[in-house]
>>> print(open('query28.txt').read())   # compact mmCIF, C-alpha atoms
# COMPACT_ATOMS: atom_id res chain seq x y z
CA MET A 1 -3.96 -6.07 3.73
CA GLU A 2 -7.03 -5.21 5.73
CA THR A 3 -10.59 -4.39 4.81
CA LEU A 4 -11.53 -0.74 4.85
CA ALA A 5 -15.15 -0.28 5.69
CA ALA A 6 -15.50 3.09 4.06
CA ALA A 7 -12.39 3.83 2.29
CA VAL A 8 -10.84 3.74 -1.05
CA VAL A 9 -8.33 2.73 -3.48
CA VAL A 10 -6.56 0.62 -5.89
CA ALA A 11 -6.28 -1.99 -8.48
CA SER A 12 -8.12 -4.95 -9.53
CA VAL A 13 -9.01 -8.23 -10.87
CA VAL A 14 -12.14 -8.83 -12.83
CA VAL A 15 -13.77 -11.45 -14.87
CA VAL A 16 -15.71 -12.37 -17.95
CA MET A 17 -19.37 -12.77 -18.73
CA GLN A 18 -20.45 -9.21 -18.10
CA VAL A 19 -19.03 -6.02 -19.52
CA LEU A 20 -18.02 -3.24 -17.18
CA VAL A 21 -19.31 -0.06 -18.75
CA GLY A 22 -17.06 2.96 -18.41
CA THR A 23 -17.68 6.67 -18.61
CA ALA A 24 -15.30 9.22 -20.03
CA ALA A 25 -13.62 11.45 -17.49
CA SER A 26 -13.65 15.19 -18.07
CA TYR A 27 -9.97 15.77 -17.31
CA SER A 28 -7.67 16.22 -20.31
CA ASP A 29 -4.08 15.01 -20.09
CA HIS A 30 -2.90 18.41 -21.35
CA HIS A 31 -4.69 20.50 -18.71
CA LEU A 32 -2.76 21.86 -15.75
CA LEU A 33 -2.78 19.25 -12.99
CA SER A 34 -3.05 20.64 -9.46
CA ARG A 35 -5.21 18.16 -7.47
CA ILE A 36 -4.58 14.44 -7.11
CA ALA A 37 -6.32 12.00 -4.77
CA PHE A 38 -5.29 8.45 -4.00
CA GLY A 39 -6.31 5.58 -1.79
CA SER A 40 -6.64 1.82 -1.40
CA CYS A 41 -8.35 -1.05 0.39
CA ALA A 42 -12.00 -0.51 -0.48
CA ASN A 43 -14.35 -3.26 0.62
CA GLN A 44 -17.07 -3.29 -2.02
CA SER A 45 -19.50 -4.94 0.41
CA ALA A 46 -19.19 -2.23 3.06
CA PRO A 47 -20.52 1.36 3.11
CA GLN A 48 -18.13 3.83 1.45
CA PRO A 49 -19.23 7.34 2.47
CA ILE A 50 -15.69 8.62 2.01
CA TRP A 51 -16.37 9.08 -1.71
CA ASP A 52 -18.42 12.14 -0.76
CA VAL A 53 -15.42 14.01 0.65
CA ILE A 54 -13.21 12.81 -2.18
CA ASN A 55 -15.68 14.31 -4.63
CA GLU A 56 -15.72 17.52 -2.58
CA PHE A 57 -11.94 17.66 -2.93
CA ASP A 58 -12.65 17.48 -6.68
CA PRO A 59 -9.46 15.72 -7.82
CA GLN A 60 -8.51 15.91 -11.45
CA VAL A 61 -6.84 12.51 -11.12
CA PHE A 62 -7.60 9.67 -8.73
CA ILE A 63 -5.03 6.89 -8.21
CA TRP A 64 -5.94 3.41 -7.03
CA LEU A 65 -2.96 1.97 -5.16
CA GLY A 66 -4.32 -1.52 -4.59
CA ASP A 67 -7.15 -3.62 -3.16
CA ASN A 68 -9.87 -1.67 -4.94
CA ILE A 69 -12.02 -4.70 -4.24
CA TYR A 70 -11.62 -7.72 -2.02
CA GLY A 71 -11.91 -10.49 -4.56
CA ASP A 72 -10.60 -13.47 -2.63
CA ILE A 73 -12.51 -15.48 -0.02
CA ARG A 74 -11.43 -15.26 3.61
CA ARG A 75 -12.22 -18.19 5.82
CA PRO A 76 -12.85 -17.55 9.53
CA PHE A 77 -10.18 -18.12 12.17
CA LYS A 78 -10.43 -21.72 13.36
CA ILE A 79 -7.98 -23.50 15.63
CA VAL A 80 -10.03 -26.70 15.93
CA GLY A 81 -12.51 -28.44 13.70
CA LYS A 82 -12.45 -30.06 10.27
CA GLU A 83 -10.97 -26.96 8.58
CA ARG A 84 -8.32 -25.31 10.74
CA THR A 85 -7.02 -22.02 9.32
CA ILE A 86 -4.49 -21.02 11.99
CA GLY A 87 -2.23 -22.60 14.56
CA PRO A 88 0.21 -25.52 14.40
CA TRP A 89 -2.59 -27.84 13.24
CA LYS A 90 -3.59 -25.67 10.28
CA ASN A 91 -4.72 -27.86 7.39
CA VAL A 92 -6.40 -25.40 4.97
CA PRO A 93 -5.38 -21.94 3.71
CA ARG A 94 -7.07 -18.92 5.27
CA PHE A 95 -7.63 -17.28 1.85
CA ILE A 96 -8.77 -18.92 -1.39
CA PRO A 97 -9.46 -17.39 -4.83
CA SER A 98 -12.98 -16.54 -5.97
CA SER A 99 -14.51 -17.80 -9.18
CA GLN A 100 -14.37 -15.50 -12.20
CA SER A 101 -18.08 -14.83 -12.03
CA GLU A 102 -17.78 -13.87 -8.35
CA MET A 103 -14.85 -11.58 -9.07
CA LEU A 104 -16.79 -9.85 -11.80
CA SER A 105 -19.79 -9.48 -9.54
CA ARG A 106 -17.63 -7.79 -6.91
CA TYR A 107 -16.12 -5.46 -9.49
CA ASN A 108 -19.54 -4.49 -10.76
CA MET A 109 -20.64 -3.80 -7.21
CA ALA A 110 -17.63 -1.53 -6.66
CA LYS A 111 -18.00 0.25 -9.96
CA ASN A 112 -21.66 1.02 -9.38
CA ILE A 113 -21.22 2.64 -5.96
CA HIS A 114 -22.81 6.05 -6.40
CA GLY A 115 -19.95 8.13 -5.02
CA TYR A 116 -17.38 6.29 -7.12
CA SER A 117 -19.52 6.60 -10.26
CA ARG A 118 -19.66 10.34 -9.68
CA LEU A 119 -15.87 10.46 -9.31
CA ARG A 120 -15.37 8.52 -12.56
CA ALA A 121 -17.58 11.00 -14.40
CA ASN A 122 -15.51 13.99 -13.31
CA SER A 123 -11.96 12.71 -12.80
CA LYS A 124 -9.37 10.64 -14.58
CA VAL A 125 -9.13 7.33 -12.69
CA ILE A 126 -5.92 5.32 -12.95
CA GLY A 127 -4.43 2.58 -10.82
CA THR A 128 -2.55 -0.60 -10.13
CA TRP A 129 -3.43 -3.62 -8.01
CA ASP A 130 -2.43 -5.31 -4.79
CA ASP A 131 -3.05 -8.83 -3.50
CA HIS A 132 -6.81 -8.96 -2.87
CA ASP A 133 -7.73 -7.58 -6.30
CA TYR A 134 -4.86 -9.54 -7.83
CA GLY A 135 -6.90 -12.49 -6.63
CA LEU A 136 -5.32 -13.94 -3.49
CA ASN A 137 -3.91 -12.66 -0.22
CA ASP A 138 -0.11 -12.16 -0.33
CA ALA A 139 0.13 -13.84 -3.76
CA GLY A 140 2.99 -13.33 -6.19
CA LYS A 141 4.11 -14.66 -9.55
CA GLU A 142 2.97 -18.20 -8.73
CA PHE A 143 -0.72 -17.21 -8.81
CA SER A 144 -2.38 -19.08 -11.68
CA TYR A 145 -5.26 -16.64 -12.33
CA LYS A 146 -3.11 -13.56 -12.89
CA ILE A 147 -3.54 -13.38 -16.68
CA THR A 148 -7.33 -13.40 -16.50
CA ASN A 149 -7.37 -11.07 -13.53
CA GLN A 150 -5.13 -8.58 -15.31
CA ARG A 151 -7.76 -8.24 -18.02
CA LEU A 152 -10.46 -7.82 -15.39
CA LEU A 153 -8.55 -5.05 -13.63
CA LEU A 154 -7.98 -3.20 -16.88
CA ASP A 155 -11.67 -3.49 -17.73
CA PHE A 156 -12.51 -2.03 -14.33
CA LEU A 157 -10.14 0.90 -15.00
CA ASP A 158 -11.68 1.44 -18.47
CA GLU A 159 -8.32 0.79 -20.10
CA PRO A 160 -8.58 1.11 -23.92
CA GLN A 161 -8.66 -2.20 -25.75
CA ASP A 162 -5.56 -1.28 -27.75
CA SER A 163 -3.57 -0.27 -24.65
CA PRO A 164 -0.06 -1.76 -24.29
CA ARG A 165 -1.07 -2.79 -20.76
CA ARG A 166 -3.34 -5.44 -22.28
CA LYS A 167 -0.42 -7.03 -24.12
CA GLN A 168 2.29 -6.97 -21.44
CA SER A 169 2.85 -9.23 -18.43
CA GLY A 170 1.81 -7.02 -15.54
CA VAL A 171 -0.20 -3.83 -15.05
CA TYR A 172 2.66 -1.36 -14.52
CA THR A 173 2.29 1.88 -16.45
CA SER A 174 3.06 5.60 -16.50
CA TYR A 175 1.24 8.83 -17.35
CA THR A 176 2.63 12.25 -18.23
CA LEU A 177 0.01 14.88 -17.48
CA GLY A 178 -0.11 18.65 -17.84
CA PRO A 179 1.23 21.22 -20.33
CA PRO A 180 4.94 21.50 -21.19
CA GLY A 181 6.89 23.13 -18.39
CA LYS A 182 4.34 22.04 -15.77
CA GLN A 183 4.20 18.31 -16.28
CA VAL A 184 3.55 15.63 -13.68
CA LYS A 185 4.66 12.07 -14.36
CA ILE A 186 2.89 9.28 -12.48
CA ILE A 187 4.59 5.88 -12.47
CA LEU A 188 2.55 2.96 -11.15
CA LEU A 189 4.39 -0.24 -10.27
CA ASP A 190 3.11 -3.81 -10.31
CA THR A 191 4.38 -5.51 -7.14
CA ARG A 192 2.47 -8.77 -7.73
CA TYR A 193 2.80 -10.24 -11.21
CA HIS A 194 6.56 -10.95 -11.06
CA ARG A 195 7.14 -11.07 -7.30
CA ASP A 196 9.14 -13.97 -5.90
CA PRO A 197 8.04 -15.74 -2.70
CA LEU A 198 8.13 -13.69 0.50
CA SER A 199 11.41 -13.73 2.43
CA SER A 200 13.23 -15.10 -0.60
CA ASP A 201 15.00 -11.76 -1.12
CA GLY A 202 14.33 -12.36 -4.80
CA THR A 203 12.65 -9.87 -7.11
CA ILE A 204 9.51 -7.78 -6.73
CA LEU A 205 9.31 -6.17 -10.15
CA GLY A 206 10.98 -8.73 -12.42
CA ASP A 207 13.55 -8.04 -15.14
CA SER A 208 11.15 -6.64 -17.73
CA GLN A 209 9.57 -4.17 -15.30
CA TRP A 210 12.96 -3.06 -13.98
CA SER A 211 14.11 -2.33 -17.55
CA TRP A 212 10.91 -0.40 -18.20
CA LEU A 213 11.25 1.59 -14.96
CA ARG A 214 14.83 2.58 -15.81
CA LYS A 215 13.69 3.87 -19.20
CA GLU A 216 10.85 5.79 -17.57
CA LEU A 217 13.15 7.48 -15.05
CA MET A 218 15.93 8.15 -17.52
CA GLY A 219 13.54 9.46 -20.18
CA PRO A 220 12.34 13.02 -20.83
CA ALA A 221 12.26 15.09 -17.67
CA SER A 222 9.04 16.13 -15.95
CA ASN A 223 8.61 18.79 -13.29
CA ILE A 224 7.26 16.31 -10.75
CA THR A 225 7.50 12.52 -10.74
CA ILE A 226 5.30 10.40 -8.49
CA ILE A 227 6.02 6.70 -8.02
CA GLY A 228 3.11 4.61 -6.72
CA SER A 229 3.65 1.25 -5.00
CA SER A 230 0.88 -0.98 -3.65
CA ILE A 231 3.08 -2.20 -0.79
CA GLN A 232 5.01 -0.09 1.69
CA VAL A 233 8.37 1.23 0.57
CA ILE A 234 9.28 2.52 4.01
CA SER A 235 7.77 0.00 6.38
CA ASN A 236 8.42 1.02 9.96
CA LEU A 237 5.09 -0.42 11.08
CA SER A 238 6.07 -3.81 9.69
CA ALA A 239 9.50 -3.57 11.25
CA THR A 240 8.19 -3.01 14.75
CA THR A 241 6.06 -6.18 14.62
CA ALA A 242 9.08 -8.39 13.88
CA PRO A 243 10.02 -11.09 14.59
CA LEU A 244 6.51 -12.08 15.74
CA PHE A 245 5.02 -11.49 12.32
CA TYR A 246 5.84 -9.55 9.16
CA MET A 247 3.69 -7.50 6.85
CA GLU A 248 4.29 -7.28 3.13
CA SER A 249 6.64 -4.49 2.20
CA TRP A 250 9.73 -3.67 0.16
CA GLY A 251 11.63 -4.25 3.39
CA ARG A 252 11.03 -8.00 2.93
CA PHE A 253 13.17 -7.71 -0.22
CA PRO A 254 16.10 -5.52 0.88
CA LYS A 255 18.07 -5.97 -2.35
CA GLU A 256 15.11 -4.86 -4.41
CA ARG A 257 14.51 -1.80 -2.27
CA ASP A 258 18.16 -0.83 -2.44
CA ARG A 259 17.93 -1.20 -6.20
CA LEU A 260 14.90 1.09 -6.29
CA PHE A 261 16.62 3.77 -4.22
CA LYS A 262 19.78 3.52 -6.34
CA LEU A 263 17.80 3.84 -9.56
CA ILE A 264 16.08 6.97 -8.24
CA THR A 265 19.43 8.39 -7.15
CA ASP A 266 21.04 7.60 -10.52
CA SER A 267 18.18 9.18 -12.45
CA LYS A 268 18.56 12.39 -10.43
CA LYS A 269 22.19 12.50 -11.47
CA VAL A 270 21.41 12.01 -15.16
CA LEU A 271 18.37 14.25 -15.55
CA PRO A 272 18.35 18.04 -15.29
CA PRO A 273 17.39 19.77 -12.03
CA PRO A 274 13.67 20.23 -12.78
CA LEU A 275 12.99 16.53 -12.09
CA HIS A 276 11.76 15.85 -8.58
CA PHE A 277 10.70 12.81 -6.62
CA ILE A 278 8.16 12.60 -3.86
CA VAL A 279 8.19 8.85 -3.50
CA ARG A 280 9.73 9.30 -0.07
CA PHE A 281 6.66 11.17 1.10
CA LEU A 282 4.13 8.89 -0.53
CA ALA A 283 5.83 6.02 1.22
CA TRP A 284 4.25 7.33 4.42
CA PHE A 285 0.75 6.91 3.14
CA THR A 286 0.67 3.17 3.31
CA PRO A 287 -2.27 1.80 1.32
CA SER A 288 -3.26 -0.60 4.08
CA THR A 289 -6.65 0.96 4.82
CA MET A 290 -4.87 4.20 4.01
CA ARG A 291 -3.25 4.17 7.43
CA VAL A 292 -0.82 6.95 8.24
CA MET A 293 1.38 7.92 11.11
CA SER A 294 0.19 10.08 13.94
CA GLN A 295 1.81 13.52 14.05
CA ASN A 296 2.87 12.71 17.59
CA CYS A 297 4.67 9.53 16.59
CA ARG A 298 8.38 9.93 17.20
CA TYR A 299 9.55 7.21 14.85
CA ARG A 300 6.77 7.44 12.24
CA SER A 301 5.56 3.92 12.90
CA CYS A 302 2.24 4.89 14.46
CA THR A 303 -0.80 4.73 12.22
CA TYR A 304 -4.15 6.40 11.66
CA GLY A 305 -6.45 3.46 11.02
CA LYS A 306 -9.77 5.17 10.31
CA PRO A 307 -11.18 5.64 6.79
CA ASN A 308 -9.20 8.24 4.89
CA PHE A 309 -7.68 9.15 1.53
CA GLY A 310 -4.54 10.82 0.27
CA ALA A 311 -4.56 14.28 -1.30
CA ILE A 312 -1.85 16.08 -3.27
CA GLU A 313 -2.19 19.76 -4.14
CA ILE A 314 0.30 21.53 -6.39
CA ASP A 315 0.50 25.33 -6.27
CA TRP A 316 2.05 26.18 -9.61
CA ASP A 317 1.66 29.93 -8.95
CA ALA A 318 3.86 29.85 -5.83
CA VAL A 319 7.53 30.78 -6.13
CA PRO A 320 8.98 28.24 -5.85
CA VAL A 321 6.23 25.81 -6.79
CA ASN A 322 4.79 24.21 -3.64
CA LEU A 323 3.49 20.71 -2.93
CA LYS A 324 0.99 19.92 -0.18
CA LEU A 325 0.61 16.21 0.66
CA GLN A 326 -2.08 15.26 3.14
CA VAL A 327 -4.10 12.37 4.44
CA ARG A 328 -7.70 13.43 5.04
CA ASP A 329 -10.31 11.78 7.19
CA ILE A 330 -13.94 10.89 6.59
CA ASN A 331 -14.88 14.57 7.01
CA GLY A 332 -12.24 15.77 4.55
CA LEU A 333 -10.09 17.25 7.32
CA PRO A 334 -6.28 16.77 7.28
CA VAL A 335 -4.99 14.06 9.61
CA THR A 336 -1.33 14.53 8.80
CA GLY A 337 0.71 15.87 5.93
CA VAL A 338 3.65 17.88 4.74
CA ASN A 339 4.22 21.05 2.73
CA ILE A 340 7.37 21.19 0.66
CA SER A 341 8.62 23.20 -2.29
CA LEU A 342 9.99 21.75 -5.50
CA LEU A 343 13.20 23.61 -4.70
CA GLU A 344 13.73 21.27 -1.76
CA LEU A 345 13.14 18.22 -3.94
CA ARG A 346 15.38 19.33 -6.76
CA ALA A 347 18.31 17.08 -7.56
CA GLY A 348 21.47 18.55 -6.07
CA SER A 349 19.46 21.04 -4.02
CA SER A 350 21.54 22.89 -1.44
CA THR A 351 18.48 23.82 0.63
CA ILE A 352 18.45 20.49 2.47
CA LYS A 353 21.30 19.84 4.86
CA ALA A 354 22.91 16.42 5.08
CA GLY A 355 20.55 13.98 6.75
CA GLN A 356 17.69 16.48 6.97
CA ASP A 357 15.73 14.67 4.28
CA ARG A 358 15.37 11.72 6.65
CA LYS A 359 12.81 13.64 8.68
CA HIS A 360 10.33 12.40 6.08
CA CYS A 361 11.52 8.82 5.67
CA THR A 362 13.24 7.03 8.54
CA LEU A 363 13.94 3.48 7.38
CA GLU A 364 13.25 0.67 9.82
CA LEU A 365 16.93 -0.27 9.69
CA MET A 366 17.74 3.12 11.23
CA LEU A 367 15.39 2.70 14.18
CA PRO A 368 16.97 1.98 17.57
CA GLY A 369 16.81 -1.70 18.48
CA ILE A 370 14.55 -1.02 21.47
CA VAL A 371 12.06 0.58 19.05
CA ARG A 372 12.33 -1.99 16.26
CA TYR A 373 11.73 -4.92 18.57
CA ARG A 374 9.50 -3.26 21.16
CA LEU A 375 6.49 -5.44 20.36
CA ALA A 376 8.56 -8.63 20.56
CA ILE A 377 10.16 -7.39 23.80
CA LEU A 378 6.72 -6.65 25.23
CA VAL A 379 5.24 -10.01 24.21
CA TYR A 380 8.21 -12.04 25.39
CA SER A 381 8.33 -10.09 28.64
CA VAL A 382 4.66 -10.76 29.26
CA LEU A 383 5.15 -14.44 28.45
CA ALA A 384 8.14 -14.57 30.81
CA LEU A 385 6.10 -12.95 33.58
CA LEU A 386 3.23 -15.36 32.99
CA LEU A 387 5.65 -18.27 33.09
CA LEU A 388 7.16 -16.99 36.33
CA ALA A 389 3.67 -16.51 37.75
CA LEU A 390 2.76 -20.05 36.72
CA VAL A 391 5.92 -21.44 38.30
CA GLY A 392 5.22 -19.40 41.41
CA LEU A 393 1.65 -20.69 41.54
CA ILE A 394 2.81 -24.29 41.17
CA CYS A 395 5.39 -23.77 43.91
CA ALA A 396 2.77 -22.19 46.17
CA VAL A 397 0.28 -25.00 45.56
CA THR A 398 3.00 -27.60 46.16
CA LEU A 399 4.02 -25.89 49.37
CA VAL A 400 0.44 -25.71 50.61
CA CYS A 401 -0.09 -29.38 49.80
CA ARG A 402 3.06 -30.36 51.65
CA LEU A 403 2.00 -28.33 54.68
CA CYS A 404 -1.42 -29.96 54.61
CA LEU A 405 0.12 -33.43 54.39
CA ARG A 406 2.49 -32.66 57.23
CA LYS A 407 -0.37 -31.41 59.34
CA CYS A 408 -2.39 -34.52 58.57
CA LYS A 409 0.52 -36.71 59.64
CA ILE A 410 0.92 -34.77 62.87
CA ASP A 411 -2.78 -35.07 63.57
>>> encode(input="query28.txt", output="structure tokens")
Amino acid sequence: METLAAAVVVASVVVVMQVLVGTAASYSDHHLLSRIAFGSCANQSAPQPIWDVINEFDPQVFIWLGDNIYGDIRRPFKIVGKERTIGPWKNVPRFIPSSQSEMLSRYNMAKNIHGYSRLRANSKVIGTWDDHDYGLNDAGKEFSYKITNQRLLLDFLDEPQDSPRRKQSGVYTSYTLGPPGKQVKIILLDTRYHRDPLSSDGTILGDSQWSWLRKELMGPASNITIIGSSIQVISNLSATTAPLFYMESWGRFPKERDRLFKLITDSKKVLPPPLHFIVRFLAWFTPSTMRVMSQNCRYRSCTYGKPNFGAIEIDWDAVPVNLKLQVRDINGLPVTGVNISLLELRAGSSTIKAGQDRKHCTLELMLPGIVRYRLAILVYSVLALLLLALVGLICAVTLVCRLCLRKCKID
């Protein structure tokens, strides 16, 4: 995941020695919820003016989706030298974990940013983590500091000391907010603590989290259910960089993603019509520096890479109830988004024709081959042209040399 020099969002890893002091948010879990903000990838060492427009949006709930700090240490790119971090001669890892005291220092720095402090005073802040606040780039269940870092994240989020999250393995959790009949359920996944090695096609969530998620989705119905993942669920951007390199996403674990989609589908069959899912829309708003697709992008694999945050507005007075999902820039202006009614999201809804729902979530597997592998095609084509040019140059030089030698002999 990349550094966002003015952005926001998500989870954490913290340490001992100092106590992170929290402030009570003004939002009550029983009040009507109509404004939610979310984001990720916030570099605590960089300016973060985007908090100003987030505060202007005045969210009742803010969701961290990962990388709320950058806690690990990134070495510079080096191909030669004593410590080589890239290339075939690489002999040291590019990323290494920070000490606990350094992690805590970075968390304190993030928590004391003025704009974020103001948000914490007026909004309910919840979240999960991703790799850099988990403690190490691209790390999974093998990471040895995960138990300590879980406590540090929960301290950063002002999690109560008696919270079940402090006793379980992983930071996954759920919240049911709003009055009866107008409830919003937010499910936050932990894609780090139990994740198998990349490309193993093993598990992302682990058995215990899968059992918990099934219970959450099969439990009492809510009017709206939001599922938050720190890595991309629908990863067209990652797909179009293959096979040169791959980004972390659910697409790296196809069996797990199929299981997630099936569980969502099964829960819609079991629960009554009022339950809705907008995970397919949130999958657009990839937490990697809160990048999003350009509105002009045909296959939804283009991105908006400038500082931004996600905004969800729920119009409970509309008939039917309407959802507005947007990504907003540093000025608070919409970059892209979608308006959709709960009627369209309702299980068994007849308002969406077969296949029409895919306008919001085209999986990379459905992209034409020329699109999926366009970057690889471009790179290999350029390399082929360079090779041909090199061969041509060698042939030309050889020919010139032979002509010169022949001329010398004649002379």
>>> residues_near_point(input="query28.txt", point="(14.7, -12.4, -5.1)", cutoff="12 Å", atoms="all atoms listed in the file", output="PyMOL selection string")
chain A and resi 140-141+194-207+250+252-257+259
>>> closest_residue(input="query28.txt", among="A:Leu152, A:Leu189, A:Leu387, A:Leu393", to="Trp212 (chain A)", atoms="all atoms listed in the file")
A:Leu189
>>> closest_residue(input="query28.txt", among="A:Gly39, A:Gly87, A:Gly135, A:Gly369", to="Met103 (chain A)", atoms="only C-alpha atoms")
A:Gly135
>>> atom_distance(input="query28.txt", atom1="CA of Arg374 (chain A)", atom2="CA of Met247 (chain A)")
16.0 Å
>>> axis_aligned_box(input="query28.txt", around="region 146-163 of chain A", padding_each_side="5 Å", output="JSON")
{"center_x": -7.8, "center_y": -6.1, "center_z": -20.3, "size_x": 19.4, "size_y": 25.0, "size_z": 24.9}
>>> residues_around(input="query28.txt", residues="Glu159 (chain A)", least_positions_apart="6", cutoff="10 Å", atoms="all atoms listed in the file", output="ChimeraX atom specification")
/A:22,125-126,151,153,165-166
>>> closest_residue(input="query28.txt", among="A:Ser117, A:Asn137, A:Thr176, A:Gln232", to="Asp52 (chain A)", atoms="all atoms listed in the file")
A:Ser117
>>> closest_residue(input="query28.txt", among="A:Leu65, A:Leu154, A:Ile186, A:Ala37", to="Val53 (chain A)", atoms="all atoms listed in the file")
A:Ala37
>>> closest_residue(input="query28.txt", among="A:Gly81, A:Gly127, A:Pro160, A:Pro76", to="Leu188 (chain A)", atoms="only C-alpha atoms")
A:Gly127
>>> closest_residue(input="query28.txt", among="A:Trp316, A:Tyr193, A:Leu399, A:Ile330", to="Phe143 (chain A)", atoms="only C-alpha atoms")
A:Tyr193
>>> atom_distance(input="query28.txt", atom1="CA of Asn339 (chain A)", atom2="CA of Gly228 (chain A)")
19.0 Å
>>> residues_around(input="query28.txt", residues="Gln183 (chain A)", least_positions_apart="6", cutoff="7 Å", atoms="only C-alpha atoms", output="PyMOL selection string")
chain A and resi 176-177+222-224
>>> build_atoms(input="query28.txt", residues="region 126-145 of chain A", atoms="N, CA and C atoms", output="PDB file, keeping the file's coordinate frame")
ATOM      1  N   ILE A 126      -6.987   6.222 -12.542  1.00  0.00           N
ATOM      2  CA  ILE A 126      -5.920   5.320 -12.950  1.00  0.00           C
ATOM      3  C   ILE A 126      -5.581   4.420 -11.761  1.00  0.00           C
ATOM      4  N   GLY A 127      -4.774   3.395 -11.974  1.00  0.00           N
ATOM      5  CA  GLY A 127      -4.430   2.580 -10.820  1.00  0.00           C
ATOM      6  C   GLY A 127      -3.631   1.341 -11.131  1.00  0.00           C
ATOM      7  N   THR A 128      -3.220   0.690 -10.077  1.00  0.00           N
ATOM      8  CA  THR A 128      -2.550  -0.600 -10.130  1.00  0.00           C
ATOM      9  C   THR A 128      -3.290  -1.530  -9.184  1.00  0.00           C
ATOM     10  N   TRP A 129      -2.735  -2.699  -8.906  1.00  0.00           N
ATOM     11  CA  TRP A 129      -3.430  -3.620  -8.010  1.00  0.00           C
ATOM     12  C   TRP A 129      -2.538  -4.057  -6.863  1.00  0.00           C
ATOM     13  N   ASP A 130      -3.165  -4.672  -5.860  1.00  0.00           N
ATOM     14  CA  ASP A 130      -2.430  -5.310  -4.790  1.00  0.00           C
ATOM     15  C   ASP A 130      -2.948  -6.743  -4.682  1.00  0.00           C
ATOM     16  N   ASP A 131      -2.787  -7.391  -3.549  1.00  0.00           N
ATOM     17  CA  ASP A 131      -3.050  -8.830  -3.500  1.00  0.00           C
ATOM     18  C   ASP A 131      -4.522  -9.220  -3.607  1.00  0.00           C
ATOM     19  N   HIS A 132      -5.420  -8.510  -2.922  1.00  0.00           N
ATOM     20  CA  HIS A 132      -6.810  -8.960  -2.870  1.00  0.00           C
ATOM     21  C   HIS A 132      -7.542  -8.742  -4.190  1.00  0.00           C
ATOM     22  N   ASP A 133      -7.149  -7.740  -4.968  1.00  0.00           N
ATOM     23  CA  ASP A 133      -7.730  -7.580  -6.300  1.00  0.00           C
ATOM     24  C   ASP A 133      -6.897  -8.315  -7.348  1.00  0.00           C
ATOM     25  N   TYR A 134      -5.668  -8.634  -7.011  1.00  0.00           N
ATOM     26  CA  TYR A 134      -4.860  -9.540  -7.830  1.00  0.00           C
ATOM     27  C   TYR A 134      -5.513 -10.925  -7.826  1.00  0.00           C
ATOM     28  N   GLY A 135      -6.130 -11.265  -6.690  1.00  0.00           N
ATOM     29  CA  GLY A 135      -6.900 -12.490  -6.630  1.00  0.00           C
ATOM     30  C   GLY A 135      -6.675 -13.360  -5.414  1.00  0.00           C
ATOM     31  N   LEU A 136      -5.581 -13.097  -4.643  1.00  0.00           N
ATOM     32  CA  LEU A 136      -5.320 -13.940  -3.490  1.00  0.00           C
ATOM     33  C   LEU A 136      -4.388 -13.230  -2.526  1.00  0.00           C
ATOM     34  N   ASN A 137      -4.701 -13.312  -1.249  1.00  0.00           N
ATOM     35  CA  ASN A 137      -3.910 -12.660  -0.220  1.00  0.00           C
ATOM     36  C   ASN A 137      -2.423 -13.033  -0.318  1.00  0.00           C
ATOM     37  N   ASP A 138      -1.566 -12.005  -0.341  1.00  0.00           N
ATOM     38  CA  ASP A 138      -0.110 -12.160  -0.330  1.00  0.00           C
ATOM     39  C   ASP A 138       0.442 -12.913  -1.534  1.00  0.00           C
ATOM     40  N   ALA A 139      -0.313 -13.055  -2.606  1.00  0.00           N
ATOM     41  CA  ALA A 139       0.130 -13.840  -3.760  1.00  0.00           C
ATOM     42  C   ALA A 139       1.174 -13.097  -4.580  1.00  0.00           C
ATOM     43  N   GLY A 140       1.968 -13.869  -5.307  1.00  0.00           N
ATOM     44  CA  GLY A 140       2.990 -13.330  -6.190  1.00  0.00           C
ATOM     45  C   GLY A 140       2.906 -13.971  -7.563  1.00  0.00           C
ATOM     46  N   LYS A 141       4.072 -14.201  -8.162  1.00  0.00           N
ATOM     47  CA  LYS A 141       4.110 -14.660  -9.550  1.00  0.00           C
ATOM     48  C   LYS A 141       3.560 -16.074  -9.730  1.00  0.00           C
ATOM     49  N   GLU A 142       3.448 -16.821  -8.644  1.00  0.00           N
ATOM     50  CA  GLU A 142       2.970 -18.200  -8.730  1.00  0.00           C
ATOM     51  C   GLU A 142       1.456 -18.298  -8.935  1.00  0.00           C
ATOM     52  N   PHE A 143       0.736 -17.179  -8.768  1.00  0.00           N
ATOM     53  CA  PHE A 143      -0.720 -17.210  -8.810  1.00  0.00           C
ATOM     54  C   PHE A 143      -1.215 -17.538 -10.224  1.00  0.00           C
ATOM     55  N   SER A 144      -2.017 -18.550 -10.359  1.00  0.00           N
ATOM     56  CA  SER A 144      -2.380 -19.080 -11.680  1.00  0.00           C
ATOM     57  C   SER A 144      -3.442 -18.261 -12.407  1.00  0.00           C
ATOM     58  N   TYR A 145      -4.189 -17.400 -11.686  1.00  0.00           N
ATOM     59  CA  TYR A 145      -5.260 -16.640 -12.330  1.00  0.00           C
ATOM     60  C   TYR A 145      -4.825 -15.235 -12.749  1.00  0.00           C
TER      61      TYR A 145
END
